[in-house]
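Worksheet: one structure, shown below.
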Amino acid sequence: MTVRNSLAVLGTSALLALGFGGAMAPAAAAAPPAAPQTAQVAADAHFTAKDSRSGRTTKGVAHKSGRYGAAAPSKAASLRCWNARISGRYFAVSCSGNAYRVFVDCSNRVRYVTPVLSGSKRVTMACPGGTRALRGGAYGR
């Protein structure tokens with residue numbers, strides 16, 4: 001009789017530990033790990049381009065484009081840029097042209113570029129979290 005009671009106590013303890021027959025176990029297993037999502041967010045560089053005439057703002061993810069420090073691609077005489085600034089992880093520049101890209105070299109040894117832009121815009125690029133903007137510019141026409 002005492003053996004049967006001991007087995008009943010052990011069985012009840014096992015059910016409690018497993019979450020009443022596994023009812024709680026799938027919920028715990030369904031939660032995705034937080035670390036990979038955080039790493040993905042930190043690895044992205046972003047940009048904001050504000051149209052000088054209409055005031056319309058475009059936001060997006062800047063794409064990796066080779067290693068930083070490489071010579072800046074040439075720019076046509078029709079591309080005009082002014083008022084470039086670097087502050088921490090941000091690089092900002094105003095440009096006017098037909099088809100151009102703005103780039104920033106970040107301290108993680110990666111160059112990030114915007115999609116093709118046109119018109120007169122103030123572009124601000126943000127290097128990934130934990131990095132600094134080292135230099136930037138624009139190229140195209």
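Letters A, B, ... mark the chains of the structure tokens in the order given; residue numbers begin at 1 per chain; ligand numbers begin at 1, in order shown.
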
Practice task
Do a neighbour search on Val61 (chain A) at 10 Å with only C-alpha atoms, toss out local chain neighbours closer than 4 positions, and write the hits as a list in words.
Solution key: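 Once the adjacent positions are removed, what remains is Asp44, Ala45, His46, Phe47, Thr48, Tyr112, Val113, Thr114, Pro115, Met125 and Ala126 of chain A.
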
Exercise for the section: Run DSSP on the backbone and grab whatever in region 66-136 of chain A lands in strand (DSSP E); send it over as an MDAnalysis selection string. Expected result: chainID A and resid 66:67 80:87 90:106 110:113 117:126 133:136

Exercise for the section: Could you check which of A:Arg109, A:Arg122, A:Arg80, A:Arg89 is closest to Lys50 (chain A), using only C-alpha atoms? Expected result: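 Counting only C-alpha atoms, the residue closest to Lys50 (chain A) is A:Arg122.
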
Exercise for the section: Mind checking which residues fall within 6 Å of Ser94 (chain A), counting only C-alpha atoms, ignoring those fewer than 6 positions away in the same chain, and posting them as a list in words? Expected result: Cys81, Trp82, Lys121 and Arg122 of chain A

May I have the residues from that selection written out with all heavy atoms, as a compact mmCIF listing (two decimals), in the first residue's frame?
# COMPACT_ATOMS: atom_id res chain seq x y z
N CYS A 81 26.17 68.43 -54.28
CA CYS A 81 25.95 68.08 -52.87
C CYS A 81 26.55 69.17 -51.98
O CYS A 81 27.56 69.77 -52.33
CB CYS A 81 26.58 66.73 -52.54
SG CYS A 81 25.80 65.34 -53.38
N TRP A 82 25.93 69.41 -50.84
CA TRP A 82 26.39 70.44 -49.93
C TRP A 82 25.96 70.11 -48.51
O TRP A 82 25.12 69.25 -48.29
CB TRP A 82 25.85 71.82 -50.36
CG TRP A 82 24.35 71.93 -50.30
CD1 TRP A 82 23.60 72.44 -49.28
CD2 TRP A 82 23.41 71.51 -51.30
NE1 TRP A 82 22.26 72.36 -49.57
CE2 TRP A 82 22.12 71.80 -50.82
CE3 TRP A 82 23.53 70.92 -52.56
CZ2 TRP A 82 20.96 71.52 -51.54
CZ3 TRP A 82 22.39 70.64 -53.27
CH2 TRP A 82 21.12 70.94 -52.77
N LYS A 121 17.24 66.55 -52.28
CA LYS A 121 16.88 65.88 -51.03
C LYS A 121 17.93 66.10 -49.96
O LYS A 121 19.10 66.26 -50.24
CB LYS A 121 16.74 64.38 -51.26
CG LYS A 121 15.66 64.02 -52.26
CD LYS A 121 15.32 62.57 -52.20
CE LYS A 121 14.25 62.11 -53.13
NZ LYS A 121 13.42 63.01 -53.79
N ARG A 122 17.47 66.09 -48.71
CA ARG A 122 18.35 66.04 -47.55
C ARG A 122 18.31 64.60 -47.07
O ARG A 122 17.25 64.09 -46.67
CB ARG A 122 17.86 66.99 -46.45
CG ARG A 122 18.71 66.96 -45.18
CD ARG A 122 20.06 67.57 -45.40
NE ARG A 122 20.85 67.61 -44.16
CZ ARG A 122 22.10 67.94 -44.13
NH1 ARG A 122 22.73 68.29 -45.22
NH2 ARG A 122 22.75 67.94 -42.99

Practice task
Kindly indicate which residue among A:Ser87, A:Gly129, A:Ser120, A:Tyr139 lies nearest to Gly55 (chain A), using only C-alpha atoms for the distances.
Solution key: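 The answer is A:Ser120, which sits nearest to Gly55 (chain A).
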
Show which residues sit within 8 Å of Asn108 (chain A), as a PDB file with N, CA, C and O atoms, in the first residue's frame. Count only C-alpha atoms, and ignore same-chain residues fewer than 2 positions away.
ATOM      1  N   CYS A 106      30.868  52.906 -42.299  1.00  0.00           N
ATOM      2  CA  CYS A 106      30.670  52.759 -40.855  1.00  0.00           C
ATOM      3  C   CYS A 106      31.858  52.043 -40.217  1.00  0.00           C
ATOM      4  O   CYS A 106      32.637  51.377 -40.903  1.00  0.00           O
ATOM      5  N   VAL A 110      31.931  48.371 -43.151  1.00  0.00           N
ATOM      6  CA  VAL A 110      30.970  48.141 -44.230  1.00  0.00           C
ATOM      7  C   VAL A 110      30.512  49.492 -44.778  1.00  0.00           C
ATOM      8  O   VAL A 110      30.321  50.437 -44.020  1.00  0.00           O
ATOM      9  N   THR A 131      27.899  51.249 -33.882  1.00  0.00           N
ATOM     10  CA  THR A 131      28.956  51.660 -34.808  1.00  0.00           C
ATOM     11  C   THR A 131      28.931  53.176 -34.961  1.00  0.00           C
ATOM     12  O   THR A 131      28.012  53.847 -34.494  1.00  0.00           O
ATOM     13  N   ARG A 132      29.948  53.714 -35.643  1.00  0.00           N
ATOM     14  CA  ARG A 132      30.037  55.148 -35.908  1.00  0.00           C
ATOM     15  C   ARG A 132      30.149  55.378 -37.404  1.00  0.00           C
ATOM     16  O   ARG A 132      30.675  54.544 -38.134  1.00  0.00           O
TER      17      ARG A 132
END

Practice task
Within 8 Å of Tyr100 (chain A), counting only C-alpha atoms, which residues show up once you throw out same-chain ones fewer than 5 positions away? Write them as number ranges by chain, please.
Solution key: A: 79, 116-118, 138-141

Practice task
Mind giving me the straight-line distance from CA of Val102 (chain A) to CA of Arg56 (chain A) in Å, one decimal?
Solution key: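 These atoms are spaced 17.7 Å apart.
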
Exercise for the section: Select, from A:Ser78, A:Ser96, A:Thr124, A:Ser65, the residue with the minimum atom-to-atom distance to Arg111 (chain A), counting only C-alpha atoms. Expected result: A:Ser65

Handout entry: Nearest-residue call for Tyr90 (chain A), choices A:Ala77, A:Cys127, A:Thr58, A:Gly137, using only C-alpha atoms
Key = A:Cys127

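For the pair CA of Arg135 (chain A) and CA of Gly88 (chain A), the interatomic distance is 10.8 Å.
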